[in-house]
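Just start-v7.tsv here, TSV, C-alpha atoms:
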chain	number	residue	atom	x	y	z
A	22	MET	CA	93.52	-59.25	-13.06
A	23	PRO	CA	91.88	-61.30	-15.83
A	24	ALA	CA	91.85	-65.08	-15.53
A	25	ILE	CA	95.00	-66.82	-16.72
A	26	LEU	CA	93.15	-69.40	-18.82
A	27	THR	CA	90.36	-68.45	-21.17
A	28	SER	CA	90.28	-71.49	-23.47
A	29	LEU	CA	90.45	-75.22	-22.86
A	30	LEU	CA	92.49	-75.50	-26.06
A	31	ASP	CA	95.35	-73.72	-24.26
A	32	THR	CA	97.15	-77.00	-23.54
A	33	ASP	CA	99.40	-79.59	-25.16
A	34	LEU	CA	98.10	-81.63	-28.07
A	35	TYR	CA	99.16	-84.87	-26.42
A	36	LYS	CA	96.60	-84.30	-23.66
A	37	PHE	CA	93.90	-84.70	-26.30
A	38	THR	CA	95.51	-87.65	-28.08
A	39	MET	CA	96.03	-89.60	-24.84
A	40	TRP	CA	92.58	-88.54	-23.64
A	41	GLN	CA	90.90	-89.96	-26.72
A	42	ALA	CA	92.80	-93.23	-26.48
A	43	MET	CA	91.87	-93.69	-22.82
A	44	LEU	CA	88.23	-92.75	-23.43
A	45	HIS	CA	87.94	-95.40	-26.12
A	46	ARG	CA	89.92	-98.17	-24.42
A	47	HIS	CA	89.92	-97.71	-20.64
A	48	PRO	CA	87.25	-95.15	-19.71
A	49	GLN	CA	86.66	-96.73	-16.29
A	50	THR	CA	90.21	-96.09	-15.01
A	51	GLN	CA	90.54	-94.12	-11.78
A	52	ALA	CA	93.64	-91.96	-11.44
A	53	GLU	CA	95.56	-89.75	-9.05
A	54	TYR	CA	97.96	-86.95	-10.03
A	55	GLU	CA	100.18	-84.90	-7.75
A	56	PHE	CA	101.92	-81.55	-8.18
A	57	VAL	CA	105.67	-81.55	-7.45
A	58	CYS	CA	108.23	-78.71	-7.48
A	59	ARG	CA	111.71	-80.17	-8.02
A	60	ASN	CA	113.74	-77.05	-7.27
A	61	THR	CA	113.69	-74.31	-4.65
A	62	PRO	CA	111.58	-71.30	-5.65
A	63	GLN	CA	112.58	-67.77	-4.78
A	64	TYR	CA	109.58	-67.46	-2.49
A	65	PRO	CA	107.29	-70.16	-1.00
A	66	LEU	CA	104.73	-71.44	-3.48
A	67	ALA	CA	102.28	-71.80	-0.58
A	68	GLU	CA	101.86	-68.02	-0.81
A	69	LEU	CA	100.03	-68.56	-4.10
A	70	LEU	CA	97.34	-70.80	-2.61
A	71	ASP	CA	94.40	-68.37	-2.64
A	72	GLU	CA	95.17	-67.24	-6.18
A	73	VAL	CA	95.59	-70.83	-7.36
A	74	ASN	CA	92.19	-71.76	-5.94
A	75	THR	CA	90.58	-68.75	-7.62
A	76	GLU	CA	92.09	-69.79	-10.97
A	77	LEU	CA	90.96	-73.39	-10.47
A	78	ASP	CA	87.43	-72.16	-9.76
A	79	HIS	CA	87.52	-70.30	-13.08
A	80	LEU	CA	89.02	-73.27	-14.97
A	81	CYS	CA	86.16	-75.47	-13.78
A	82	ARG	CA	83.64	-73.06	-15.29
A	83	LEU	CA	85.16	-73.18	-18.78
A	84	ARG	CA	83.62	-75.22	-21.61
A	85	PHE	CA	84.79	-75.98	-25.14
A	86	ALA	CA	83.35	-73.40	-27.54
A	87	PRO	CA	81.77	-74.52	-30.84
A	88	ASP	CA	84.63	-73.11	-32.93
A	89	GLU	CA	87.15	-74.92	-30.73
A	90	LEU	CA	85.31	-78.21	-31.23
A	91	ASP	CA	85.21	-77.56	-34.97
A	92	TYR	CA	89.00	-77.13	-34.97
A	93	LEU	CA	89.56	-80.38	-33.09
A	94	ALA	CA	87.14	-82.20	-35.37
A	95	GLY	CA	89.20	-81.03	-38.32
A	96	LEU	CA	92.27	-82.93	-37.09
A	97	ARG	CA	92.15	-86.21	-38.97
A	98	PHE	CA	93.09	-88.33	-35.95
A	99	ILE	CA	90.37	-86.90	-33.68
A	100	ARG	CA	87.16	-88.93	-33.82
A	101	SER	CA	83.65	-87.54	-33.80
A	102	ASP	CA	82.57	-89.36	-30.62
A	103	PHE	CA	85.50	-87.80	-28.73
A	104	VAL	CA	84.41	-84.37	-29.94
A	105	ASP	CA	80.89	-85.16	-28.72
A	106	PHE	CA	82.35	-86.07	-25.32
A	107	LEU	CA	84.25	-82.76	-25.21
A	108	ARG	CA	81.05	-80.93	-26.17
A	109	ILE	CA	79.57	-81.79	-22.79
A	110	PHE	CA	82.84	-81.93	-20.83
A	111	GLN	CA	83.54	-79.66	-17.88
A	112	PHE	CA	86.27	-79.97	-15.24
A	113	GLN	CA	84.78	-80.90	-11.87
A	114	ARG	CA	86.05	-78.83	-8.93
A	115	ALA	CA	85.45	-81.74	-6.55
A	116	PHE	CA	88.22	-83.72	-8.29
A	117	ILE	CA	91.04	-81.24	-7.56
A	118	ARG	CA	92.25	-79.87	-4.24
A	119	ALA	CA	94.95	-77.29	-3.58
A	120	THR	CA	96.28	-76.81	-0.04
A	121	ALA	CA	99.38	-75.52	1.72
A	122	GLU	CA	101.72	-77.71	3.75
A	123	GLY	CA	104.21	-75.38	5.38
A	124	ASP	CA	105.94	-73.53	2.55
A	125	GLN	CA	104.86	-76.15	0.00
A	126	LEU	CA	101.95	-75.90	-2.40
A	127	ARG	CA	100.13	-79.24	-2.56
A	128	ILE	CA	97.79	-79.95	-5.45
A	129	VAL	CA	96.22	-83.39	-5.81
A	130	VAL	CA	93.76	-84.58	-8.45
A	131	ARG	CA	91.68	-87.74	-7.95
A	132	GLY	CA	88.87	-89.13	-10.05
A	133	PRO	CA	88.02	-90.91	-13.30
A	134	GLN	CA	91.06	-90.51	-15.53
A	135	VAL	CA	89.05	-89.26	-18.50
A	136	HIS	CA	87.72	-86.47	-16.26
A	137	VAL	CA	90.96	-85.49	-14.52
A	138	MET	CA	93.87	-86.10	-16.92
A	139	GLY	CA	93.35	-82.74	-18.57
A	140	PHE	CA	94.08	-80.81	-15.36
A	141	GLU	CA	97.86	-81.31	-15.61
A	142	ILE	CA	98.98	-78.68	-18.10
A	143	HIS	CA	96.42	-76.14	-16.96
A	144	VAL	CA	97.60	-76.42	-13.34
A	145	LEU	CA	101.24	-75.97	-14.35
A	146	SER	CA	100.40	-72.94	-16.51
A	147	ILE	CA	98.46	-71.38	-13.64
A	148	VAL	CA	101.20	-71.87	-11.04
A	149	ASN	CA	103.91	-70.60	-13.37
A	150	GLU	CA	102.09	-67.45	-14.38
A	151	LEU	CA	101.05	-66.60	-10.82
A	152	TYR	CA	104.61	-67.16	-9.61
A	153	PHE	CA	106.27	-64.93	-12.21
A	154	ARG	CA	103.74	-62.12	-11.81
A	155	ARG	CA	105.54	-61.24	-8.57
A	156	PHE	CA	108.74	-60.25	-10.40
A	157	ASP	CA	109.33	-57.03	-12.33
A	158	PRO	CA	107.50	-57.62	-15.65
A	159	ALA	CA	109.21	-54.81	-17.54
A	160	ALA	CA	112.68	-56.14	-16.75
A	161	ALA	CA	111.69	-59.73	-17.48
A	162	LEU	CA	110.10	-58.92	-20.84
A	163	ALA	CA	113.01	-56.70	-21.89
A	164	GLU	CA	115.51	-59.48	-21.13
A	165	GLY	CA	113.25	-62.10	-22.70
A	166	ARG	CA	113.06	-60.16	-25.97
A	167	VAL	CA	116.84	-59.76	-26.12
A	168	ARG	CA	117.28	-63.50	-25.63
A	169	LEU	CA	114.53	-64.29	-28.11
A	170	GLN	CA	116.26	-62.30	-30.85
A	171	HIS	CA	119.53	-64.06	-30.08
A	172	LYS	CA	117.86	-67.48	-30.52
A	173	ILE	CA	116.30	-66.38	-33.79
A	174	HIS	CA	119.71	-65.19	-35.03
A	175	GLN	CA	121.27	-68.54	-34.06
A	176	LEU	CA	118.72	-70.35	-36.21
A	177	GLN	CA	119.04	-67.94	-39.12
A	178	GLU	CA	122.75	-68.74	-39.30
A	179	LEU	CA	121.76	-72.25	-40.45
A	180	ALA	CA	120.96	-70.76	-43.84
A	181	SER	CA	124.67	-70.22	-44.53
A	182	GLU	CA	125.72	-73.77	-43.63
A	183	VAL	CA	126.14	-76.74	-45.92
A	184	ALA	CA	122.86	-78.64	-45.86
A	185	LEU	CA	122.75	-82.01	-44.13
A	186	ALA	CA	120.75	-84.94	-45.43
A	187	HIS	CA	117.76	-84.05	-43.27
A	188	PRO	CA	116.41	-80.59	-42.37
A	189	PHE	CA	116.49	-78.99	-38.94
A	190	GLU	CA	112.95	-78.87	-37.51
A	191	LEU	CA	112.09	-77.00	-34.31
A	192	PHE	CA	108.87	-77.17	-32.26
A	193	ASP	CA	107.63	-75.13	-29.31
A	194	PHE	CA	106.91	-77.38	-26.30
A	195	GLY	CA	106.57	-74.55	-23.78
A	196	VAL	CA	103.03	-74.57	-22.39
A	197	ARG	CA	103.71	-76.17	-19.03
A	198	ARG	CA	106.56	-73.92	-17.91
A	199	ARG	CA	105.91	-70.69	-19.77
A	200	TYR	CA	106.44	-67.27	-18.27
A	201	SER	CA	102.91	-66.37	-19.31
A	202	GLY	CA	100.37	-67.20	-21.98
A	203	ALA	CA	100.90	-63.84	-23.66
A	204	TRP	CA	104.68	-64.34	-23.74
A	205	GLN	CA	104.40	-67.81	-25.25
A	206	ARG	CA	102.23	-66.37	-28.00
A	207	GLU	CA	104.78	-63.62	-28.69
A	208	VAL	CA	107.64	-66.16	-28.85
A	209	VAL	CA	105.80	-68.55	-31.15
A	210	GLN	CA	104.72	-65.71	-33.45
A	211	ALA	CA	108.29	-64.46	-33.67
A	212	PHE	CA	109.75	-67.87	-34.51
A	213	ALA	CA	107.02	-68.58	-37.06
A	214	ARG	CA	107.53	-65.20	-38.72
A	215	GLU	CA	111.34	-65.05	-38.72
A	216	THR	CA	112.45	-68.69	-38.85
A	217	GLY	CA	109.60	-70.38	-40.71
A	218	GLN	CA	112.06	-72.51	-42.67
A	219	TRP	CA	112.93	-74.38	-39.47
A	220	PHE	CA	110.09	-73.67	-37.03
A	221	LYS	CA	107.48	-76.32	-37.75
A	222	GLY	CA	104.84	-76.11	-35.05
A	223	THR	CA	103.79	-75.91	-31.43
A	224	SER	CA	102.36	-78.31	-28.88
A	225	ASN	CA	99.93	-75.56	-27.81
A	226	VAL	CA	96.64	-76.37	-29.55
A	227	LEU	CA	95.23	-72.87	-29.11
A	228	LEU	CA	98.29	-71.21	-30.63
A	229	ALA	CA	98.38	-73.75	-33.45
A	230	ARG	CA	94.79	-72.88	-34.31
A	231	ASP	CA	95.14	-69.12	-33.94
A	232	LEU	CA	98.46	-68.83	-35.81
A	233	GLY	CA	97.86	-71.44	-38.51
A	234	LEU	CA	100.62	-73.77	-37.27
A	235	VAL	CA	100.85	-77.54	-37.04
A	236	PRO	CA	99.89	-78.87	-33.58
A	237	ILE	CA	102.63	-81.25	-32.38
A	238	GLY	CA	102.42	-84.15	-29.93
A	239	THR	CA	101.65	-87.82	-29.43
A	240	MET	CA	102.01	-89.44	-25.99
A	241	ALA	CA	103.46	-88.66	-22.56
A	242	HIS	CA	104.61	-90.84	-19.66
A	243	GLU	CA	101.18	-90.95	-18.05
A	244	TYR	CA	99.80	-92.93	-20.99
A	245	LEU	CA	102.35	-95.72	-20.66
A	246	GLN	CA	102.38	-95.59	-16.86
A	247	THR	CA	98.64	-96.15	-16.71
A	248	TYR	CA	99.13	-99.55	-18.32
A	249	GLN	CA	101.16	-100.65	-15.29
A	250	ALA	CA	97.81	-100.85	-13.47
A	251	LEU	CA	95.41	-102.06	-16.17
A	252	GLY	CA	95.56	-105.79	-15.51
A	253	VAL	CA	98.16	-106.78	-18.09
A	254	ARG	CA	101.28	-108.54	-16.87
A	255	LEU	CA	103.64	-105.83	-15.65
A	256	ARG	CA	106.39	-107.06	-17.95
A	257	ASP	CA	104.05	-106.48	-20.89
A	258	PHE	CA	102.69	-103.03	-20.04
A	259	GLN	CA	104.75	-101.17	-22.66
A	260	LYS	CA	103.75	-103.55	-25.43
A	261	ALA	CA	100.09	-103.31	-24.41
A	262	ALA	CA	100.24	-99.51	-24.43
A	263	LEU	CA	101.96	-99.36	-27.82
A	264	GLU	CA	99.55	-101.89	-29.31
A	265	ASP	CA	96.51	-99.91	-28.16
A	266	TRP	CA	98.06	-96.75	-29.60
A	267	VAL	CA	98.57	-98.43	-32.96
A	268	GLN	CA	94.99	-99.65	-33.00
A	269	GLU	CA	93.65	-96.24	-31.98
A	270	TYR	CA	95.55	-94.13	-34.49
A	271	ARG	CA	96.17	-96.52	-37.40
A	272	GLY	CA	99.39	-94.89	-38.57
A	273	ASP	CA	98.90	-91.35	-37.28
A	274	LEU	CA	100.82	-89.89	-34.31
A	275	GLY	CA	103.65	-92.36	-34.71
A	276	ILE	CA	106.33	-91.08	-32.31
A	277	ALA	CA	106.79	-93.36	-29.28
A	278	LEU	CA	108.14	-92.20	-25.92
A	279	THR	CA	111.00	-94.39	-24.73
A	280	ASP	CA	111.93	-93.64	-21.13
A	281	THR	CA	109.09	-94.81	-18.88
A	282	VAL	CA	111.35	-97.65	-17.68
A	283	GLY	CA	114.52	-96.58	-19.50
A	284	MET	CA	115.73	-96.85	-23.09
A	285	ASP	CA	117.21	-100.35	-22.79
A	286	ALA	CA	113.98	-101.83	-21.41
A	287	PHE	CA	111.99	-99.97	-24.06
A	288	LEU	CA	114.07	-101.30	-26.95
A	289	ALA	CA	113.67	-104.84	-25.61
A	290	ASP	CA	109.93	-104.42	-26.24
A	291	PHE	CA	110.22	-102.33	-29.41
A	292	ASP	CA	110.52	-105.25	-31.81
A	293	LEU	CA	110.33	-105.32	-35.60
A	294	TYR	CA	106.54	-105.06	-35.52
A	295	PHE	CA	106.50	-101.82	-33.53
A	296	ALA	CA	109.64	-100.45	-35.19
A	297	LYS	CA	107.91	-100.67	-38.56
A	298	LEU	CA	104.57	-99.31	-37.34
A	299	PHE	CA	105.91	-96.28	-35.45
A	300	ASP	CA	107.50	-93.39	-37.33
A	301	GLY	CA	110.14	-92.80	-34.68
A	302	LEU	CA	111.06	-92.22	-31.05
A	303	ARG	CA	111.11	-89.33	-28.56
A	304	HIS	CA	113.94	-88.69	-26.10
A	305	ASP	CA	113.07	-87.18	-22.72
A	306	SER	CA	115.84	-88.21	-20.29
A	307	GLY	CA	119.44	-89.35	-20.13
A	308	ASP	CA	122.31	-88.49	-22.46
A	309	PRO	CA	120.73	-87.60	-25.83
A	310	ILE	CA	123.66	-88.67	-27.97
A	311	ALA	CA	123.95	-92.06	-26.24
A	312	TRP	CA	120.17	-92.45	-26.60
A	313	GLY	CA	120.24	-91.58	-30.29
A	314	GLU	CA	123.09	-93.98	-30.97
A	315	LYS	CA	121.13	-96.77	-29.24
A	316	ALA	CA	118.07	-95.96	-31.34
A	317	LEU	CA	120.01	-96.01	-34.61
A	318	ALA	CA	121.79	-99.25	-33.65
A	319	HIS	CA	118.41	-100.80	-32.89
A	320	TYR	CA	117.02	-99.83	-36.30
A	321	ASP	CA	120.18	-101.16	-37.93
A	322	LYS	CA	119.87	-104.47	-36.08
A	323	LEU	CA	116.29	-104.76	-37.34
A	324	ARG	CA	117.45	-103.89	-40.88
A	325	ILE	CA	115.30	-100.77	-40.97
A	326	ASP	CA	116.58	-97.77	-42.90
A	327	ALA	CA	117.00	-95.05	-40.27
A	328	HIS	CA	116.50	-92.38	-42.94
A	329	THR	CA	112.82	-93.39	-42.98
A	330	LYS	CA	112.50	-92.84	-39.21
A	331	ARG	CA	112.57	-89.79	-36.93
A	332	LEU	CA	114.25	-89.06	-33.60
A	333	VAL	CA	112.61	-86.29	-31.58
A	334	PHE	CA	114.61	-84.67	-28.76
A	335	SER	CA	112.72	-82.86	-26.00
A	336	ASP	CA	114.70	-83.04	-22.76
A	337	SER	CA	115.87	-79.70	-21.33
A	338	LEU	CA	116.87	-78.42	-24.76
A	339	ASP	CA	118.00	-74.98	-25.76
A	340	VAL	CA	118.82	-73.82	-29.28
A	341	PRO	CA	122.61	-74.46	-29.10
A	342	ARG	CA	122.07	-77.99	-27.76
A	343	ALA	CA	119.48	-78.70	-30.44
A	344	LEU	CA	121.89	-77.51	-33.13
A	345	GLN	CA	124.66	-79.68	-31.67
A	346	LEU	CA	122.40	-82.75	-31.82
A	347	TYR	CA	121.35	-81.83	-35.35
A	348	HIS	CA	124.94	-81.70	-36.55
A	349	HIS	CA	125.62	-85.06	-34.89
A	350	PHE	CA	122.62	-86.94	-36.32
A	351	GLY	CA	121.42	-84.85	-39.29
A	352	ASN	CA	123.03	-87.01	-41.98
A	353	ARG	CA	121.73	-90.25	-40.48
A	354	THR	CA	118.01	-89.88	-39.70
A	355	GLN	CA	115.08	-87.46	-39.67
A	356	LEU	CA	115.04	-85.21	-36.62
A	357	GLY	CA	112.81	-82.96	-34.56
A	358	PHE	CA	113.59	-80.72	-31.59
A	359	GLY	CA	110.98	-79.73	-29.03
A	360	ILE	CA	112.15	-76.86	-26.83
A	361	GLY	CA	110.06	-75.89	-23.81
A	362	THR	CA	111.36	-73.78	-20.95
A	363	GLN	CA	114.23	-72.26	-22.94
A	364	LEU	CA	111.77	-70.88	-25.49
A	365	ALA	CA	108.79	-69.96	-23.35
A	366	ASN	CA	110.49	-68.91	-20.10
A	367	ASP	CA	114.02	-67.65	-20.76
A	368	MET	CA	113.64	-64.27	-19.05
A	369	GLY	CA	116.73	-64.05	-16.84
A	370	LEU	CA	114.73	-65.49	-13.92
A	371	PRO	CA	115.32	-69.03	-12.58
A	372	PRO	CA	112.47	-71.17	-13.90
A	373	LEU	CA	110.37	-73.43	-11.72
A	374	HIS	CA	110.95	-77.14	-12.24
A	375	ILE	CA	107.36	-78.17	-11.68
A	376	VAL	CA	105.50	-81.27	-12.80
A	377	MET	CA	102.13	-82.85	-12.15
A	378	LYS	CA	102.59	-86.57	-12.48
A	379	LEU	CA	100.38	-89.62	-12.42
A	380	THR	CA	101.06	-91.45	-9.13
A	381	HIS	CA	98.26	-94.05	-8.98
A	382	ALA	CA	95.87	-95.76	-11.38
A	383	ASN	CA	92.99	-97.93	-10.19
A	384	GLY	CA	94.33	-97.61	-6.67
A	385	GLN	CA	97.74	-99.05	-7.58
A	386	PRO	CA	101.04	-97.15	-7.65
A	387	VAL	CA	102.68	-96.41	-10.99
A	388	ALA	CA	106.23	-95.24	-11.62
A	389	LYS	CA	108.68	-93.89	-14.16
A	390	LEU	CA	112.21	-95.31	-14.15
A	391	SER	CA	113.67	-92.40	-16.08
A	392	ASP	CA	117.16	-92.44	-17.59
A	393	SER	CA	117.69	-89.24	-15.55
A	394	PRO	CA	117.59	-90.06	-11.81
A	395	GLY	CA	116.12	-86.70	-10.84
A	396	LYS	CA	113.02	-87.42	-12.89
A	397	LEU	CA	112.04	-90.54	-10.96
A	398	LEU	CA	108.65	-90.19	-9.30
A	399	CYS	CA	107.06	-92.89	-7.16
A	400	ASP	CA	105.92	-92.81	-3.54
A	401	ASP	CA	105.82	-96.60	-3.14
A	402	PRO	CA	109.32	-98.07	-2.68
A	403	THR	CA	108.00	-101.64	-2.78
A	404	PHE	CA	106.43	-101.19	-6.21
A	405	LEU	CA	109.48	-99.30	-7.44
A	406	ALA	CA	111.77	-102.16	-6.39
A	407	TYR	CA	109.48	-104.67	-8.09
A	408	LEU	CA	109.40	-102.63	-11.30
A	409	ARG	CA	113.20	-102.44	-11.31
A	410	GLN	CA	113.42	-106.19	-10.84
A	411	VAL	CA	110.94	-106.99	-13.60
A	412	PHE	CA	112.77	-104.79	-16.13
A	413	ASN	CA	116.27	-105.44	-14.77
A	414	VAL	CA	116.90	-101.76	-14.09
A	415	PRO	CA	119.60	-101.14	-11.46
A	416	ALA	CA	118.90	-98.77	-8.58

Go ahead and express the file in the form of structure tokens.
Amino acid sequence: MPAILTSLLDTDLYKFTMWQAMLHRHPQTQAEYEFVCRNTPQYPLAELLDEVNTELDHLCRLRFAPDELDYLAGLRFIRSDFVDFLRIFQFQRAFIRATAEGDQLRIVVRGPQVHVMGFEIHVLSIVNELYFRRFDPAAALAEGRVRLQHKIHQLQELASEVALAHPFELFDFGVRRRYSGAWQREVVQAFARETGQWFKGTSNVLLARDLGLVPIGTMAHEYLQTYQALGVRLRDFQKAALEDWVQEYRGDLGIALTDTVGMDAFLADFDLYFAKLFDGLRHDSGDPIAWGEKALAHYDKLRIDAHTKRLVFSDSLDVPRALQLYHHFGNRTQLGFGIGTQLANDMGLPPLHIVMKLTHANGQPVAKLSDSPGKLLCDDPTFLAYLRQVFNVPA
């Protein structure tokens, strides 16, 4: 079969935006990432090992094509020296290793962060597509198309409702857990064609380029987590990360991620300075309504008009949940809804809950104290306890 990945643009925009920031500010950082499957697959992922290694071999032969570099250079927040770096960039096979441990697939990446951070989304796309190839494709695609049309119909019904103060805006965030690259393209094309009033873009840079859509994304947890090991006082790592982001992008890409150590600890650092400089906040764990209410209360306390800010929801959303959140908050602030698995892999098959998370930077452990307990990832209990103590986060 043809290789799963044929373009290095076939990844999330925030990989590039974080990549540029780290290249400019901390290019010497060493990092380690580890693949984790959080649920029980229908067959052992270790069975995919040979195919995964073949796909990784192919990935490490890919380079950015001139037209791909031209597209990136046309994004106003991408700098010319970063494009020059990408012009000579190639993934190094020595930095990634896939093995089997019993039934488990183990994938570990180690090396300079600016040379290994891009592996994440590509690895997840590879594992997902290889996994789902073993199920009946005709049945999966038939069911997926039925469900896709139902989602489109749900959105189209918005046209008959009384308009709220702010519009409903939907984004595709499905690269990492998609059924396949071809299916994600079909889904995004369908939403763009049939619900263009509400569908505003995709995190997939390749699809954004090919389909004339807006590429969507700013930062992920790995960006903030890295600052836990960059020499700043641990209590100040969020402020240091946000400050570097502000200096790097000067007003662009202004949605901050809030749950690296929980919403309460984030808001304690998100003072008037940052609240004015950032356009809004992204939710990725915990109860979304409680989170949104905390965000709006925080803006109110700072005497900032919430109608000038944006709340982006991206945690395990489907269309009905996104619409529910829209009706709750749509008269109070600008909104955005990033749907991943439920757009790109709703085929009647149980999806894989796979991640590839940063575990160490510069030889030190890093952690995420998510507002959803199941999303916690740290293999060093001593550091985790210290982080909880510093930010007063209960176990």

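Using all atoms listed in the file, the shortest contact distance between Ala42 of chain A and any of A:Phe153, A:Phe103, A:Tyr92, A:Phe404 is found at A:Phe103.
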
Can you list every residue of segment 311-399 of chain A that has an atom at most 6 Å from segment 55-64 of chain A, with its nearest atom pair and the distance in Å to one decimal, using only C-alpha atoms, ordered by chain then number, as a Markdown table?
| residue | atom | partner | partner_atom | distance |
| --- | --- | --- | --- | --- |
| A:His374 | CA | A:Arg59 | CA | 5.3 |
| A:Ile375 | CA | A:Cys58 | CA | 4.3 |
| A:Val376 | CA | A:Val57 | CA | 5.4 |
| A:Met377 | CA | A:Phe56 | CA | 4.2 |
| A:Lys378 | CA | A:Glu55 | CA | 5.6 |

Atoms kept (C-alpha atoms) for selection, written as an mmCIF file, keeping the file's coordinate frame:
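Final output, saved to result_21.cif:
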data_model
loop_
_atom_site.group_PDB
_atom_site.id
_atom_site.type_symbol
_atom_site.label_atom_id
_atom_site.label_comp_id
_atom_site.auth_asym_id
_atom_site.auth_seq_id
_atom_site.Cartn_x
_atom_site.Cartn_y
_atom_site.Cartn_z
ATOM 1 C CA HIS A 374 110.950 -77.140 -12.240
ATOM 2 C CA ILE A 375 107.360 -78.170 -11.680
ATOM 3 C CA VAL A 376 105.500 -81.270 -12.800
ATOM 4 C CA MET A 377 102.130 -82.850 -12.150
ATOM 5 C CA LYS A 378 102.590 -86.570 -12.480
#

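The gap separating atom CA of Ala250 of chain A from atom CA of Arg131 of chain A is 15.5 Å, in Å to one decimal.
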
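In this model, the gap between atom CA of Gly252 of chain A and atom CA of Asp105 of chain A comes to 28.6 Å.
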
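Atom pair atom CA of Leu346 of chain A / atom CA of Ile310 of chain A: separated by 7.2 Å.
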
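Each of A:Leu332, A:Met368, A:Leu70, A:Leu227 was checked against Leu162 of chain A using only C-alpha atoms; the smallest atom-to-atom distance is that of A:Met368.
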
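Near segment 290-292 of chain A, within a cut-off of 9 Å and counting only C-alpha atoms, sit the residues Asp257, Gln259, Lys260, Leu263, Ala286, Phe287, Leu288, Tyr294, Phe295, Ala296, Lys297 and Leu323 of chain A, with same-chain residues fewer than 2 positions away left out.
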
In terms of only C-alpha atoms, the residue from A:Leu77, A:Val144, A:Ala159, A:Ala86 at minimal distance from Arg114 of chain A is A:Leu77

Contacts of segment 242-249 of chain A at 10 Å (all atoms listed in the file; same-chain gap of 3+ positions) as a PDB file with C-alpha atoms, in the coordinates of the input:
ATOM      1  CA  TYR A  35      99.160 -84.870 -26.420  1.00  0.00           C
ATOM      2  CA  LYS A  36      96.600 -84.300 -23.660  1.00  0.00           C
ATOM      3  CA  THR A  38      95.510 -87.650 -28.080  1.00  0.00           C
ATOM      4  CA  MET A  39      96.030 -89.600 -24.840  1.00  0.00           C
ATOM      5  CA  TRP A  40      92.580 -88.540 -23.640  1.00  0.00           C
ATOM      6  CA  ALA A  42      92.800 -93.230 -26.480  1.00  0.00           C
ATOM      7  CA  MET A  43      91.870 -93.690 -22.820  1.00  0.00           C
ATOM      8  CA  HIS A  47      89.920 -97.710 -20.640  1.00  0.00           C
ATOM      9  CA  THR A  50      90.210 -96.090 -15.010  1.00  0.00           C
ATOM     10  CA  GLN A  51      90.540 -94.120 -11.780  1.00  0.00           C
ATOM     11  CA  ALA A  52      93.640 -91.960 -11.440  1.00  0.00           C
ATOM     12  CA  TYR A  54      97.960 -86.950 -10.030  1.00  0.00           C
ATOM     13  CA  GLN A 134      91.060 -90.510 -15.530  1.00  0.00           C
ATOM     14  CA  MET A 138      93.870 -86.100 -16.920  1.00  0.00           C
ATOM     15  CA  GLY A 252      95.560-105.790 -15.510  1.00  0.00           C
ATOM     16  CA  VAL A 253      98.160-106.780 -18.090  1.00  0.00           C
ATOM     17  CA  ARG A 254     101.280-108.540 -16.870  1.00  0.00           C
ATOM     18  CA  LEU A 255     103.640-105.830 -15.650  1.00  0.00           C
ATOM     19  CA  ARG A 256     106.390-107.060 -17.950  1.00  0.00           C
ATOM     20  CA  ASP A 257     104.050-106.480 -20.890  1.00  0.00           C
ATOM     21  CA  PHE A 258     102.690-103.030 -20.040  1.00  0.00           C
ATOM     22  CA  GLN A 259     104.750-101.170 -22.660  1.00  0.00           C
ATOM     23  CA  LYS A 260     103.750-103.550 -25.430  1.00  0.00           C
ATOM     24  CA  ALA A 261     100.090-103.310 -24.410  1.00  0.00           C
ATOM     25  CA  ALA A 262     100.240 -99.510 -24.430  1.00  0.00           C
ATOM     26  CA  LEU A 263     101.960 -99.360 -27.820  1.00  0.00           C
ATOM     27  CA  TRP A 266      98.060 -96.750 -29.600  1.00  0.00           C
ATOM     28  CA  ALA A 277     106.790 -93.360 -29.280  1.00  0.00           C
ATOM     29  CA  LEU A 278     108.140 -92.200 -25.920  1.00  0.00           C
ATOM     30  CA  THR A 279     111.000 -94.390 -24.730  1.00  0.00           C
ATOM     31  CA  ASP A 280     111.930 -93.640 -21.130  1.00  0.00           C
ATOM     32  CA  THR A 281     109.090 -94.810 -18.880  1.00  0.00           C
ATOM     33  CA  VAL A 282     111.350 -97.650 -17.680  1.00  0.00           C
ATOM     34  CA  ASP A 305     113.070 -87.180 -22.720  1.00  0.00           C
ATOM     35  CA  LYS A 378     102.590 -86.570 -12.480  1.00  0.00           C
ATOM     36  CA  LEU A 379     100.380 -89.620 -12.420  1.00  0.00           C
ATOM     37  CA  THR A 380     101.060 -91.450  -9.130  1.00  0.00           C
ATOM     38  CA  HIS A 381      98.260 -94.050  -8.980  1.00  0.00           C
ATOM     39  CA  ALA A 382      95.870 -95.760 -11.380  1.00  0.00           C
ATOM     40  CA  ASN A 383      92.990 -97.930 -10.190  1.00  0.00           C
ATOM     41  CA  GLN A 385      97.740 -99.050  -7.580  1.00  0.00           C
ATOM     42  CA  PRO A 386     101.040 -97.150  -7.650  1.00  0.00           C
ATOM     43  CA  VAL A 387     102.680 -96.410 -10.990  1.00  0.00           C
ATOM     44  CA  ALA A 388     106.230 -95.240 -11.620  1.00  0.00           C
ATOM     45  CA  LYS A 389     108.680 -93.890 -14.160  1.00  0.00           C
ATOM     46  CA  SER A 391     113.670 -92.400 -16.080  1.00  0.00           C
ATOM     47  CA  LEU A 408     109.400-102.630 -11.300  1.00  0.00           C
TER      48      LEU A 408
END

task = Could you give me, as an MDAnalysis selection string, the residues within 12 Å of Ala343 of chain A, counting all atoms listed in the file and dropping anything in the same chain fewer than 5 positions from it?
result = chainID A and resid 172 175:176 189:192 219 309:310 333:338 348:351 356:361 363
